[in-house]
$ cat upload_16.pdb   # PDB, C-alpha atoms and all ligand atoms
ATOM      1  CA  MET A   1       4.425 -34.286  -7.351  1.00  0.00           C
ATOM      2  CA  ARG A   2       2.741 -32.700  -4.333  1.00  0.00           C
ATOM      3  CA  ILE A   3       5.994 -32.834  -2.383  1.00  0.00           C
ATOM      4  CA  ARG A   4       7.800 -31.112  -5.291  1.00  0.00           C
ATOM      5  CA  LYS A   5       5.213 -28.301  -5.291  1.00  0.00           C
ATOM      6  CA  VAL A   6       5.486 -27.782  -1.559  1.00  0.00           C
ATOM      7  CA  PHE A   7       9.269 -27.849  -1.806  1.00  0.00           C
ATOM      8  CA  SER A   8       9.393 -25.272  -4.659  1.00  0.00           C
ATOM      9  CA  GLY A   9       7.019 -22.982  -2.753  1.00  0.00           C
ATOM     10  CA  PHE A  10       9.256 -23.273   0.282  1.00  0.00           C
ATOM     11  CA  LEU A  11      12.331 -22.545  -1.862  1.00  0.00           C
ATOM     12  CA  ALA A  12      10.659 -19.433  -3.342  1.00  0.00           C
ATOM     13  CA  MET A  13       9.972 -18.148   0.151  1.00  0.00           C
ATOM     14  CA  ILE A  14      13.603 -18.635   1.151  1.00  0.00           C
ATOM     15  CA  VAL A  15      14.867 -16.867  -2.003  1.00  0.00           C
ATOM     16  CA  MET A  16      12.456 -13.967  -1.476  1.00  0.00           C
ATOM     17  CA  GLY A  17      13.620 -13.790   2.119  1.00  0.00           C
ATOM     18  CA  PHE A  18      17.236 -13.503   0.979  1.00  0.00           C
ATOM     19  CA  LEU A  19      16.294 -10.738  -1.460  1.00  0.00           C
ATOM     20  CA  GLY A  20      14.756  -8.833   1.403  1.00  0.00           C
ATOM     21  CA  GLN A  21      11.236  -8.918  -0.083  1.00  0.00           C
ATOM     22  CA  PRO A  22       8.166 -10.023   1.818  1.00  0.00           C
ATOM     23  CA  ALA A  23       7.379 -13.585   0.662  1.00  0.00           C
ATOM     24  CA  PHE A  24       3.824 -12.744  -0.391  1.00  0.00           C
ATOM     25  CA  ALA A  25       4.366  -9.218  -1.755  1.00  0.00           C
ATOM     26  CA  ALA A  26       2.815 -10.116  -5.121  1.00  0.00           C
ATOM     27  CA  GLU A  27      -0.576 -10.711  -3.524  1.00  0.00           C
ATOM     28  CA  ASP A  28      -0.840  -6.997  -2.726  1.00  0.00           C
ATOM     29  CA  SER A  29       0.092  -5.714  -6.184  1.00  0.00           C
ATOM     30  CA  SER A  30      -3.510  -4.873  -7.102  1.00  0.00           C
ATOM     31  CA  THR A  31      -3.918  -2.528  -4.118  1.00  0.00           C
ATOM     32  CA  PRO A  32      -4.763   0.970  -5.390  1.00  0.00           C
ATOM     33  CA  SER A  33      -2.261   3.733  -4.734  1.00  0.00           C
ATOM     34  CA  ARG A  34      -2.696   5.059  -1.224  1.00  0.00           C
ATOM     35  CA  THR A  35      -0.353   7.943  -1.864  1.00  0.00           C
ATOM     36  CA  LEU A  36      -1.160  11.558  -1.149  1.00  0.00           C
ATOM     37  CA  ILE A  37       0.969  14.547  -2.164  1.00  0.00           C
ATOM     38  CA  ILE A  38       0.321  17.586   0.020  1.00  0.00           C
ATOM     39  CA  TYR A  39       2.084  20.795  -0.920  1.00  0.00           C
ATOM     40  CA  PHE A  40       2.187  24.498  -0.188  1.00  0.00           C
ATOM     41  CA  SER A  41       3.471  26.866  -2.843  1.00  0.00           C
ATOM     42  CA  GLN A  42       3.286  30.621  -3.079  1.00  0.00           C
ATOM     43  CA  PRO A  43       4.306  31.953  -6.493  1.00  0.00           C
ATOM     44  CA  GLU A  44       5.292  35.595  -6.366  1.00  0.00           C
ATOM     45  CA  GLU A  45       4.844  38.433  -8.786  1.00  0.00           C
ATOM     46  CA  MET A  46       8.238  39.656  -9.878  1.00  0.00           C
ATOM     47  CA  LYS A  47       9.178  42.066 -12.619  1.00  0.00           C
ATOM     48  CA  PRO A  48      11.251  40.151 -15.194  1.00  0.00           C
ATOM     49  CA  ASP A  49      14.311  42.342 -14.547  1.00  0.00           C
ATOM     50  CA  ALA A  50      13.873  42.522 -10.778  1.00  0.00           C
ATOM     51  CA  VAL A  51      16.995  41.962  -8.743  1.00  0.00           C
ATOM     52  CA  ASP A  52      16.773  38.817  -6.667  1.00  0.00           C
ATOM     53  CA  GLY A  53      17.562  39.954  -3.142  1.00  0.00           C
ATOM     54  CA  PHE A  54      16.800  37.009  -0.904  1.00  0.00           C
ATOM     55  CA  SER A  55      13.900  34.907  -2.061  1.00  0.00           C
ATOM     56  CA  GLY A  56      13.680  35.526  -5.763  1.00  0.00           C
ATOM     57  CA  ALA A  57      11.179  34.755  -8.440  1.00  0.00           C
ATOM     58  CA  SER A  58       9.592  31.406  -8.079  1.00  0.00           C
ATOM     59  CA  VAL A  59       7.260  31.842 -11.028  1.00  0.00           C
ATOM     60  CA  LEU A  60       8.464  29.392 -13.613  1.00  0.00           C
ATOM     61  CA  GLN A  61       8.996  30.492 -17.163  1.00  0.00           C
ATOM     62  CA  LYS A  62       8.630  26.942 -18.443  1.00  0.00           C
ATOM     63  CA  ASN A  63       5.256  26.458 -16.893  1.00  0.00           C
ATOM     64  CA  THR A  64       2.176  28.573 -16.515  1.00  0.00           C
ATOM     65  CA  PRO A  65       2.982  31.866 -14.777  1.00  0.00           C
ATOM     66  CA  GLU A  66       0.952  30.723 -11.782  1.00  0.00           C
ATOM     67  CA  THR A  67       2.989  27.605 -11.117  1.00  0.00           C
ATOM     68  CA  GLY A  68       5.194  27.828  -8.063  1.00  0.00           C
ATOM     69  CA  SER A  69       8.417  25.858  -7.716  1.00  0.00           C
ATOM     70  CA  THR A  70       7.076  23.486  -5.075  1.00  0.00           C
ATOM     71  CA  GLN A  71       3.876  23.029  -7.032  1.00  0.00           C
ATOM     72  CA  PHE A  72       5.891  22.074 -10.094  1.00  0.00           C
ATOM     73  CA  VAL A  73       7.819  19.393  -8.183  1.00  0.00           C
ATOM     74  CA  ALA A  74       4.570  18.166  -6.577  1.00  0.00           C
ATOM     75  CA  GLN A  75       3.046  17.706 -10.020  1.00  0.00           C
ATOM     76  CA  LEU A  76       6.046  15.658 -11.169  1.00  0.00           C
ATOM     77  CA  ILE A  77       5.697  13.410  -8.107  1.00  0.00           C
ATOM     78  CA  GLN A  78       1.972  13.038  -8.745  1.00  0.00           C
ATOM     79  CA  LYS A  79       2.554  11.967 -12.351  1.00  0.00           C
ATOM     80  CA  GLN A  80       4.929   9.278 -11.264  1.00  0.00           C
ATOM     81  CA  THR A  81       3.119   7.934  -8.224  1.00  0.00           C
ATOM     82  CA  ASP A  82      -0.411   8.431  -9.542  1.00  0.00           C
ATOM     83  CA  GLY A  83      -1.232   9.655  -6.044  1.00  0.00           C
ATOM     84  CA  ASP A  84      -3.778  12.270  -5.060  1.00  0.00           C
ATOM     85  CA  LEU A  85      -2.672  15.891  -5.048  1.00  0.00           C
ATOM     86  CA  PHE A  86      -3.719  18.378  -2.376  1.00  0.00           C
ATOM     87  CA  ARG A  87      -2.670  22.020  -2.427  1.00  0.00           C
ATOM     88  CA  ILE A  88      -2.588  23.801   0.911  1.00  0.00           C
ATOM     89  CA  GLU A  89      -3.971  27.306   0.820  1.00  0.00           C
ATOM     90  CA  THR A  90      -4.268  29.515   3.859  1.00  0.00           C
ATOM     91  CA  ALA A  91      -7.607  30.952   4.963  1.00  0.00           C
ATOM     92  CA  THR A  92      -5.993  34.409   4.823  1.00  0.00           C
ATOM     93  CA  PRO A  93      -4.182  34.744   1.495  1.00  0.00           C
ATOM     94  CA  TYR A  94      -0.580  35.927   1.384  1.00  0.00           C
ATOM     95  CA  PRO A  95       0.530  39.019  -0.520  1.00  0.00           C
ATOM     96  CA  ARG A  96       1.779  38.249  -3.997  1.00  0.00           C
ATOM     97  CA  GLN A  97       4.497  40.930  -3.931  1.00  0.00           C
ATOM     98  CA  HIS A  98       7.897  39.685  -2.925  1.00  0.00           C
ATOM     99  CA  ASP A  99       8.787  42.252  -0.274  1.00  0.00           C
ATOM    100  CA  ALA A 100       5.348  42.212   1.335  1.00  0.00           C
ATOM    101  CA  LEU A 101       5.407  38.408   1.423  1.00  0.00           C
ATOM    102  CA  LEU A 102       8.820  38.418   3.088  1.00  0.00           C
ATOM    103  CA  ARG A 103       7.544  40.759   5.801  1.00  0.00           C
ATOM    104  CA  VAL A 104       4.325  38.802   6.462  1.00  0.00           C
ATOM    105  CA  ALA A 105       6.206  35.508   6.661  1.00  0.00           C
ATOM    106  CA  GLU A 106       8.779  36.990   9.018  1.00  0.00           C
ATOM    107  CA  LYS A 107       6.054  38.362  11.299  1.00  0.00           C
ATOM    108  CA  GLU A 108       4.290  34.990  11.310  1.00  0.00           C
ATOM    109  CA  GLN A 109       7.481  33.330  12.425  1.00  0.00           C
ATOM    110  CA  GLN A 110       8.196  35.885  15.131  1.00  0.00           C
ATOM    111  CA  THR A 111       4.696  35.455  16.571  1.00  0.00           C
ATOM    112  CA  SER A 112       4.668  31.631  16.152  1.00  0.00           C
ATOM    113  CA  ALA A 113       1.525  32.015  14.046  1.00  0.00           C
ATOM    114  CA  ARG A 114      -0.384  28.909  13.015  1.00  0.00           C
ATOM    115  CA  PRO A 115      -2.293  29.945   9.884  1.00  0.00           C
ATOM    116  CA  SER A 116      -5.514  28.008   9.212  1.00  0.00           C
ATOM    117  CA  LEU A 117      -5.970  25.922   6.116  1.00  0.00           C
ATOM    118  CA  LYS A 118      -8.608  27.227   3.722  1.00  0.00           C
ATOM    119  CA  THR A 119      -9.817  23.719   2.829  1.00  0.00           C
ATOM    120  CA  PRO A 120      -9.759  20.685   5.143  1.00  0.00           C
ATOM    121  CA  LEU A 121      -7.301  17.936   4.307  1.00  0.00           C
ATOM    122  CA  PRO A 122      -8.548  14.726   2.725  1.00  0.00           C
ATOM    123  CA  ASP A 123      -9.123  11.885   5.198  1.00  0.00           C
ATOM    124  CA  LEU A 124      -5.587  10.762   6.034  1.00  0.00           C
ATOM    125  CA  SER A 125      -6.789   7.280   6.951  1.00  0.00           C
ATOM    126  CA  ASP A 126      -7.187   6.670   3.191  1.00  0.00           C
ATOM    127  CA  TYR A 127      -3.412   6.979   2.737  1.00  0.00           C
ATOM    128  CA  ASP A 128      -0.247   5.175   3.829  1.00  0.00           C
ATOM    129  CA  THR A 129       2.335   7.314   2.069  1.00  0.00           C
ATOM    130  CA  ILE A 130       2.221  11.085   2.267  1.00  0.00           C
ATOM    131  CA  TYR A 131       4.627  13.363   0.432  1.00  0.00           C
ATOM    132  CA  VAL A 132       4.721  16.842   1.969  1.00  0.00           C
ATOM    133  CA  GLY A 133       6.250  19.699  -0.038  1.00  0.00           C
ATOM    134  CA  TYR A 134       6.958  23.291   0.951  1.00  0.00           C
ATOM    135  CA  PRO A 135       9.322  26.159   0.171  1.00  0.00           C
ATOM    136  CA  ILE A 136      11.847  27.094   2.824  1.00  0.00           C
ATOM    137  CA  TRP A 137      10.803  30.374   4.433  1.00  0.00           C
ATOM    138  CA  TRP A 138      13.145  32.169   6.790  1.00  0.00           C
ATOM    139  CA  TYR A 139      15.323  29.094   7.343  1.00  0.00           C
ATOM    140  CA  THR A 140      12.470  26.775   8.251  1.00  0.00           C
ATOM    141  CA  MET A 141       9.079  25.508   7.055  1.00  0.00           C
ATOM    142  CA  PRO A 142       6.320  28.063   6.411  1.00  0.00           C
ATOM    143  CA  MET A 143       4.163  28.382   9.528  1.00  0.00           C
ATOM    144  CA  VAL A 144       1.222  26.738   7.776  1.00  0.00           C
ATOM    145  CA  ILE A 145       3.284  23.529   7.559  1.00  0.00           C
ATOM    146  CA  TYR A 146       3.638  23.679  11.338  1.00  0.00           C
ATOM    147  CA  SER A 147      -0.178  23.974  11.444  1.00  0.00           C
ATOM    148  CA  LEU A 148      -0.418  20.923   9.185  1.00  0.00           C
ATOM    149  CA  PHE A 149       1.822  18.739  11.327  1.00  0.00           C
ATOM    150  CA  GLU A 150       0.550  19.943  14.686  1.00  0.00           C
ATOM    151  CA  GLN A 151      -3.143  19.630  13.852  1.00  0.00           C
ATOM    152  CA  ASN A 152      -3.171  16.245  12.095  1.00  0.00           C
ATOM    153  CA  ASP A 153      -2.073  12.771  13.055  1.00  0.00           C
ATOM    154  CA  PHE A 154       0.568  11.191  10.817  1.00  0.00           C
ATOM    155  CA  ALA A 155       1.276   8.251  13.179  1.00  0.00           C
ATOM    156  CA  GLY A 156       2.202   5.135  11.231  1.00  0.00           C
ATOM    157  CA  LYS A 157       2.251   6.975   7.890  1.00  0.00           C
ATOM    158  CA  THR A 158       5.310   7.110   5.693  1.00  0.00           C
ATOM    159  CA  VAL A 159       6.016  10.839   5.435  1.00  0.00           C
ATOM    160  CA  ILE A 160       8.288  11.929   2.576  1.00  0.00           C
ATOM    161  CA  PRO A 161       9.259  15.615   2.636  1.00  0.00           C
ATOM    162  CA  PHE A 162      10.437  17.692  -0.310  1.00  0.00           C
ATOM    163  CA  THR A 163      11.412  21.347  -0.469  1.00  0.00           C
ATOM    164  CA  THR A 164      12.304  24.056  -2.892  1.00  0.00           C
ATOM    165  CA  HIS A 165      14.635  26.748  -1.647  1.00  0.00           C
ATOM    166  CA  GLY A 166      17.078  29.541  -2.411  1.00  0.00           C
ATOM    167  CA  GLY A 167      20.078  27.871  -0.759  1.00  0.00           C
ATOM    168  CA  SER A 168      18.875  26.501   2.585  1.00  0.00           C
ATOM    169  CA  ARG A 169      17.993  23.074   1.112  1.00  0.00           C
ATOM    170  CA  LEU A 170      15.914  21.310   3.832  1.00  0.00           C
ATOM    171  CA  ALA A 171      16.896  23.815   6.542  1.00  0.00           C
ATOM    172  CA  ASP A 172      15.728  22.408   9.904  1.00  0.00           C
ATOM    173  CA  SER A 173      12.539  20.898   8.531  1.00  0.00           C
ATOM    174  CA  LEU A 174      13.278  17.174   9.018  1.00  0.00           C
ATOM    175  CA  ARG A 175      14.131  17.793  12.645  1.00  0.00           C
ATOM    176  CA  GLN A 176      10.937  19.785  13.109  1.00  0.00           C
ATOM    177  CA  ILE A 177       8.732  17.123  11.518  1.00  0.00           C
ATOM    178  CA  ALA A 178      10.362  14.353  13.573  1.00  0.00           C
ATOM    179  CA  ARG A 179       9.789  16.395  16.721  1.00  0.00           C
ATOM    180  CA  ILE A 180       6.107  17.130  16.018  1.00  0.00           C
ATOM    181  CA  GLN A 181       5.219  13.695  14.596  1.00  0.00           C
ATOM    182  CA  PRO A 182       7.447  11.182  16.395  1.00  0.00           C
ATOM    183  CA  GLN A 183       5.129   8.299  15.433  1.00  0.00           C
ATOM    184  CA  ALA A 184       5.412   8.958  11.691  1.00  0.00           C
ATOM    185  CA  ARG A 185       7.811   6.928   9.522  1.00  0.00           C
ATOM    186  CA  LEU A 186       9.837   9.887   8.324  1.00  0.00           C
ATOM    187  CA  VAL A 187      11.874   9.348   5.165  1.00  0.00           C
ATOM    188  CA  THR A 188      15.042  11.332   5.745  1.00  0.00           C
ATOM    189  CA  ARG A 189      16.200  10.929   2.146  1.00  0.00           C
ATOM    190  CA  ALA A 190      14.122  13.994   1.397  1.00  0.00           C
ATOM    191  CA  LEU A 191      14.376  15.909  -1.853  1.00  0.00           C
ATOM    192  CA  SER A 192      15.421  19.551  -1.999  1.00  0.00           C
ATOM    193  CA  VAL A 193      15.474  21.432  -5.274  1.00  0.00           C
ATOM    194  CA  SER A 194      16.988  24.879  -5.687  1.00  0.00           C
ATOM    195  CA  ARG A 195      14.623  27.410  -7.202  1.00  0.00           C
ATOM    196  CA  ASN A 196      17.426  28.147  -9.686  1.00  0.00           C
ATOM    197  CA  ASP A 197      17.351  24.578 -11.016  1.00  0.00           C
ATOM    198  CA  VAL A 198      13.674  23.739 -10.796  1.00  0.00           C
ATOM    199  CA  SER A 199      12.768  24.623 -14.364  1.00  0.00           C
ATOM    200  CA  GLY A 200      15.929  23.027 -15.775  1.00  0.00           C
ATOM    201  CA  PRO A 201      15.806  20.056 -18.155  1.00  0.00           C
ATOM    202  CA  ASP A 202      17.257  17.575 -15.639  1.00  0.00           C
ATOM    203  CA  ILE A 203      14.678  18.005 -12.918  1.00  0.00           C
ATOM    204  CA  PRO A 204      11.925  15.663 -14.179  1.00  0.00           C
ATOM    205  CA  ALA A 205      14.445  12.778 -14.412  1.00  0.00           C
ATOM    206  CA  GLN A 206      15.935  13.621 -11.011  1.00  0.00           C
ATOM    207  CA  VAL A 207      12.524  13.653  -9.368  1.00  0.00           C
ATOM    208  CA  GLU A 208      11.641  10.364 -11.075  1.00  0.00           C
ATOM    209  CA  GLN A 209      14.840   8.746  -9.827  1.00  0.00           C
ATOM    210  CA  TRP A 210      14.242   9.994  -6.297  1.00  0.00           C
ATOM    211  CA  VAL A 211      10.619   8.765  -6.238  1.00  0.00           C
ATOM    212  CA  LYS A 212      11.847   5.296  -7.264  1.00  0.00           C
ATOM    213  CA  GLN A 213      14.166   5.296  -4.259  1.00  0.00           C
ATOM    214  CA  VAL A 214      11.724   6.507  -1.633  1.00  0.00           C
ATOM    215  CA  GLN A 215       8.288   5.284  -2.718  1.00  0.00           C
ATOM    216  CA  PRO A 216       7.407   2.228  -0.605  1.00  0.00           C
ATOM    217  CA  GLN A 217       6.741  -0.866  -2.717  1.00  0.00           C
ATOM    218  CA  ARG A 218       3.469  -2.738  -2.299  1.00  0.00           C
TER     219      ARG A 218
HETATM  220  C1  LIG B   1       9.007  34.643   2.678  1.00  0.00           C
HETATM  221  C2  LIG B   1      10.128  33.890   2.030  1.00  0.00           C
HETATM  222  C3  LIG B   1      11.214  33.488   2.779  1.00  0.00           C
HETATM  223  C4  LIG B   1      12.233  32.728   2.198  1.00  0.00           C
HETATM  224  N1  LIG B   1      13.265  32.297   2.970  1.00  0.00           N
HETATM  225  C5  LIG B   1      14.194  31.470   2.431  1.00  0.00           C
HETATM  226  C6  LIG B   1      15.233  30.923   3.240  1.00  0.00           C
HETATM  227  O1  LIG B   1      15.331  31.156   4.438  1.00  0.00           O
HETATM  228  N2  LIG B   1      16.119  30.095   2.655  1.00  0.00           N
HETATM  229  C7  LIG B   1      16.045  29.772   1.336  1.00  0.00           C
HETATM  230  O2  LIG B   1      16.861  28.988   0.870  1.00  0.00           O
HETATM  231  N3  LIG B   1      15.077  30.266   0.545  1.00  0.00           N
HETATM  232  C8  LIG B   1      14.152  31.111   1.057  1.00  0.00           C
HETATM  233  N4  LIG B   1      13.152  31.587   0.276  1.00  0.00           N
HETATM  234  C9  LIG B   1      13.118  31.185  -1.141  1.00  0.00           C
HETATM  235  C10 LIG B   1      12.091  30.108  -1.414  1.00  0.00           C
HETATM  236  O3  LIG B   1      12.326  28.974  -0.586  1.00  0.00           O
HETATM  237  C11 LIG B   1      12.117  29.665  -2.887  1.00  0.00           C
HETATM  238  O4  LIG B   1      11.985  30.767  -3.723  1.00  0.00           O
HETATM  239  C12 LIG B   1      11.074  28.601  -3.162  1.00  0.00           C
HETATM  240  O5  LIG B   1      11.461  27.879  -4.308  1.00  0.00           O
HETATM  241  C13 LIG B   1       9.687  29.162  -3.398  1.00  0.00           C
HETATM  242  O6  LIG B   1       8.787  28.108  -3.670  1.00  0.00           O
HETATM  243  P1  LIG B   1       7.316  28.318  -4.241  1.00  0.00           P
HETATM  244  O7  LIG B   1       7.437  28.956  -5.607  1.00  0.00           O
HETATM  245  O8  LIG B   1       6.756  26.937  -4.319  1.00  0.00           O
HETATM  246  O9  LIG B   1       6.561  29.166  -3.266  1.00  0.00           O
HETATM  247  C14 LIG B   1      12.153  32.388   0.827  1.00  0.00           C
HETATM  248  C15 LIG B   1      11.059  32.836   0.075  1.00  0.00           C
HETATM  249  C16 LIG B   1      10.061  33.577   0.657  1.00  0.00           C
HETATM  250  C17 LIG B   1       8.906  34.042  -0.176  1.00  0.00           C
END

$ encode --input "upload_16.pdb" --output "structure tokens"
Amino acid sequence: MRIRKVFSGFLAMIVMGFLGQPAFAAEDSSTPSRTLIIYFSQPEEMKPDAVDGFSGASVLQKNTPETGSTQFVAQLIQKQTDGDLFRIETATPYPRQHDALLRVAEKEQQTSARPSLKTPLPDLSDYDTIYVGYPIWWYTMPMVIYSLFEQNDFAGKTVIPFTTHGGSRLADSLRQIARIQPQARLVTRALSVSRNDVSGPDIPAQVEQWVKQVQPQR
């Protein structure tokens, strides 16, 4: 009887090993979610009939007028992961008008600005998995995302980027994150959602599917 028990335990370990799962994964299943979703989003004020020159309206019709595209995706990820949500705001607010925002962001990039965060981040040691979302600004991450990665330690964390954009998808952001945080476990299967699609009916299911693929299992 005892031998049979030992043997079946041994067999289970072998099978789990073949399936690529850690043999004792089930023991950890009660661990609370240690997932954090950090995002930056800057909804703009646009007249409904305004011509979309470069950036375009990110204020979603299907949501509250204040919801930015990246914020919307961040909220979908939060619902699915049950993680904690943290919105990055800069100490100096950005203009809400499209053209003024374009100019300020361009200047920040030209001067390699590192805008300060208005509110400190939560303690990152409480988290293992950190989603980081941002719009693409001038073919890269907004400068405040550079501040985020340069001024905090993501070593050993699973970092999962997501962007919203007007055509540049992830731009150079994965390369930048890997360069600044070489000790992070960077998930390169990052999500990028076009601002033209973000309020479409398919997006919640697409985000859900993506989270299933990238969220580490405990
Ligand atoms: C200052 C600025 C620069 C932008 N530059 C780019 C760009 O280089 N490439 C791109 O695809 N989209 C660009 N966009 C479009 C935004 O990435 C897009 O509208 C995004 O969904 C906005 O997200 P948010 O509503 O969360 O702020 C830019 C938008 C702004 C405001």

$ residues_around --input "upload_16.pdb" --residues "Leu191 in chain A" --least-positions-apart "4" --cutoff "12 Å" --atoms "only C-alpha atoms" --output "PDB file with C-alpha atoms, in the coordinates of the input"
ATOM      1  CA  THR A  70       7.076  23.486  -5.075  1.00  0.00           C
ATOM      2  CA  VAL A  73       7.819  19.393  -8.183  1.00  0.00           C
ATOM      3  CA  ALA A  74       4.570  18.166  -6.577  1.00  0.00           C
ATOM      4  CA  ILE A  77       5.697  13.410  -8.107  1.00  0.00           C
ATOM      5  CA  TYR A 131       4.627  13.363   0.432  1.00  0.00           C
ATOM      6  CA  VAL A 132       4.721  16.842   1.969  1.00  0.00           C
ATOM      7  CA  GLY A 133       6.250  19.699  -0.038  1.00  0.00           C
ATOM      8  CA  TYR A 134       6.958  23.291   0.951  1.00  0.00           C
ATOM      9  CA  PRO A 135       9.322  26.159   0.171  1.00  0.00           C
ATOM     10  CA  ILE A 160       8.288  11.929   2.576  1.00  0.00           C
ATOM     11  CA  PRO A 161       9.259  15.615   2.636  1.00  0.00           C
ATOM     12  CA  PHE A 162      10.437  17.692  -0.310  1.00  0.00           C
ATOM     13  CA  THR A 163      11.412  21.347  -0.469  1.00  0.00           C
ATOM     14  CA  THR A 164      12.304  24.056  -2.892  1.00  0.00           C
ATOM     15  CA  HIS A 165      14.635  26.748  -1.647  1.00  0.00           C
ATOM     16  CA  ARG A 169      17.993  23.074   1.112  1.00  0.00           C
ATOM     17  CA  LEU A 170      15.914  21.310   3.832  1.00  0.00           C
ATOM     18  CA  ALA A 171      16.896  23.815   6.542  1.00  0.00           C
ATOM     19  CA  SER A 173      12.539  20.898   8.531  1.00  0.00           C
ATOM     20  CA  LEU A 174      13.278  17.174   9.018  1.00  0.00           C
ATOM     21  CA  VAL A 187      11.874   9.348   5.165  1.00  0.00           C
ATOM     22  CA  VAL A 198      13.674  23.739 -10.796  1.00  0.00           C
ATOM     23  CA  ILE A 203      14.678  18.005 -12.918  1.00  0.00           C
ATOM     24  CA  GLN A 206      15.935  13.621 -11.011  1.00  0.00           C
ATOM     25  CA  VAL A 207      12.524  13.653  -9.368  1.00  0.00           C
ATOM     26  CA  GLU A 208      11.641  10.364 -11.075  1.00  0.00           C
ATOM     27  CA  GLN A 209      14.840   8.746  -9.827  1.00  0.00           C
ATOM     28  CA  TRP A 210      14.242   9.994  -6.297  1.00  0.00           C
ATOM     29  CA  VAL A 211      10.619   8.765  -6.238  1.00  0.00           C
ATOM     30  CA  GLN A 213      14.166   5.296  -4.259  1.00  0.00           C
ATOM     31  CA  VAL A 214      11.724   6.507  -1.633  1.00  0.00           C
TER      32      VAL A 214
END

$ resolve_selection --input "upload_16.pdb" --expression "the PyMOL selection byres (((not hetatm)) within 6 of (chain B and resi 1))" --output "ChimeraX atom specification"
/A:41-43,55-56,58,68-71,101-102,105,135-139,164-168,195

$ closest_residue --input "upload_16.pdb" --among "A:Gln97, A:Thr158, A:Ser147, A:Gln217" --to "Ala190 in chain A" --atoms "all atoms listed in the file"
A:Thr158

$ atom_distance --input "upload_16.pdb" --atom1 "CA of Ala184 in chain A" --atom2 "CA of Ala155 in chain A"
4.5 Å

$ resolve_selection --input "upload_16.pdb" --expression "the PyMOL selection byres (((chain A and resi 114) around 6) and not hetatm)" --output "NGL selection string"
:A and (113 or 115 or 143-144 or 147)

$ closest_residue --input "upload_16.pdb" --among "A:Asp82, A:Glu66, A:Asp126, A:Asp153" --to "Gln215 in chain A" --atoms "only C-alpha atoms"
A:Asp82

$ atom_distance --input "upload_16.pdb" --atom1 "CA of Pro142 in chain A" --atom2 "CA of Gln109 in chain A"
8.1 Å

$ atom_distance --input "upload_16.pdb" --atom1 "CA of Pro122 in chain A" --atom2 "CA of Ala91 in chain A"
16.4 Å

$ resolve_selection --input "upload_16.pdb" --expression "the PyMOL selection byres (((chain A and resi 83) around 12) and not hetatm)" --output "mmCIF file with C-alpha atoms, in the frame of the given file"
data_model
loop_
_atom_site.group_PDB
_atom_site.id
_atom_site.type_symbol
_atom_site.label_atom_id
_atom_site.label_comp_id
_atom_site.auth_asym_id
_atom_site.auth_seq_id
_atom_site.Cartn_x
_atom_site.Cartn_y
_atom_site.Cartn_z
ATOM 1 C CA PRO A 32 -4.763 0.970 -5.390
ATOM 2 C CA SER A 33 -2.261 3.733 -4.734
ATOM 3 C CA ARG A 34 -2.696 5.059 -1.224
ATOM 4 C CA THR A 35 -0.353 7.943 -1.864
ATOM 5 C CA LEU A 36 -1.160 11.558 -1.149
ATOM 6 C CA ILE A 37 0.969 14.547 -2.164
ATOM 7 C CA ILE A 38 0.321 17.586 0.020
ATOM 8 C CA ALA A 74 4.570 18.166 -6.577
ATOM 9 C CA GLN A 75 3.046 17.706 -10.020
ATOM 10 C CA LEU A 76 6.046 15.658 -11.169
ATOM 11 C CA ILE A 77 5.697 13.410 -8.107
ATOM 12 C CA GLN A 78 1.972 13.038 -8.745
ATOM 13 C CA LYS A 79 2.554 11.967 -12.351
ATOM 14 C CA GLN A 80 4.929 9.278 -11.264
ATOM 15 C CA THR A 81 3.119 7.934 -8.224
ATOM 16 C CA ASP A 82 -0.411 8.431 -9.542
ATOM 17 C CA ASP A 84 -3.778 12.270 -5.060
ATOM 18 C CA LEU A 85 -2.672 15.891 -5.048
ATOM 19 C CA PHE A 86 -3.719 18.378 -2.376
ATOM 20 C CA ASP A 126 -7.187 6.670 3.191
ATOM 21 C CA TYR A 127 -3.412 6.979 2.737
ATOM 22 C CA ASP A 128 -0.247 5.175 3.829
ATOM 23 C CA THR A 129 2.335 7.314 2.069
ATOM 24 C CA ILE A 130 2.221 11.085 2.267
ATOM 25 C CA TYR A 131 4.627 13.363 0.432
ATOM 26 C CA VAL A 211 10.619 8.765 -6.238
ATOM 27 C CA GLN A 215 8.288 5.284 -2.718
#

$ axis_aligned_box --input "upload_16.pdb" --around "range 172-187 of chain A" --padding-each-side "8 Å" --output "JSON"
{"center_x": 10.4, "center_y": 14.7, "center_z": 10.9, "size_x": 26.6, "size_y": 31.5, "size_z": 27.6}
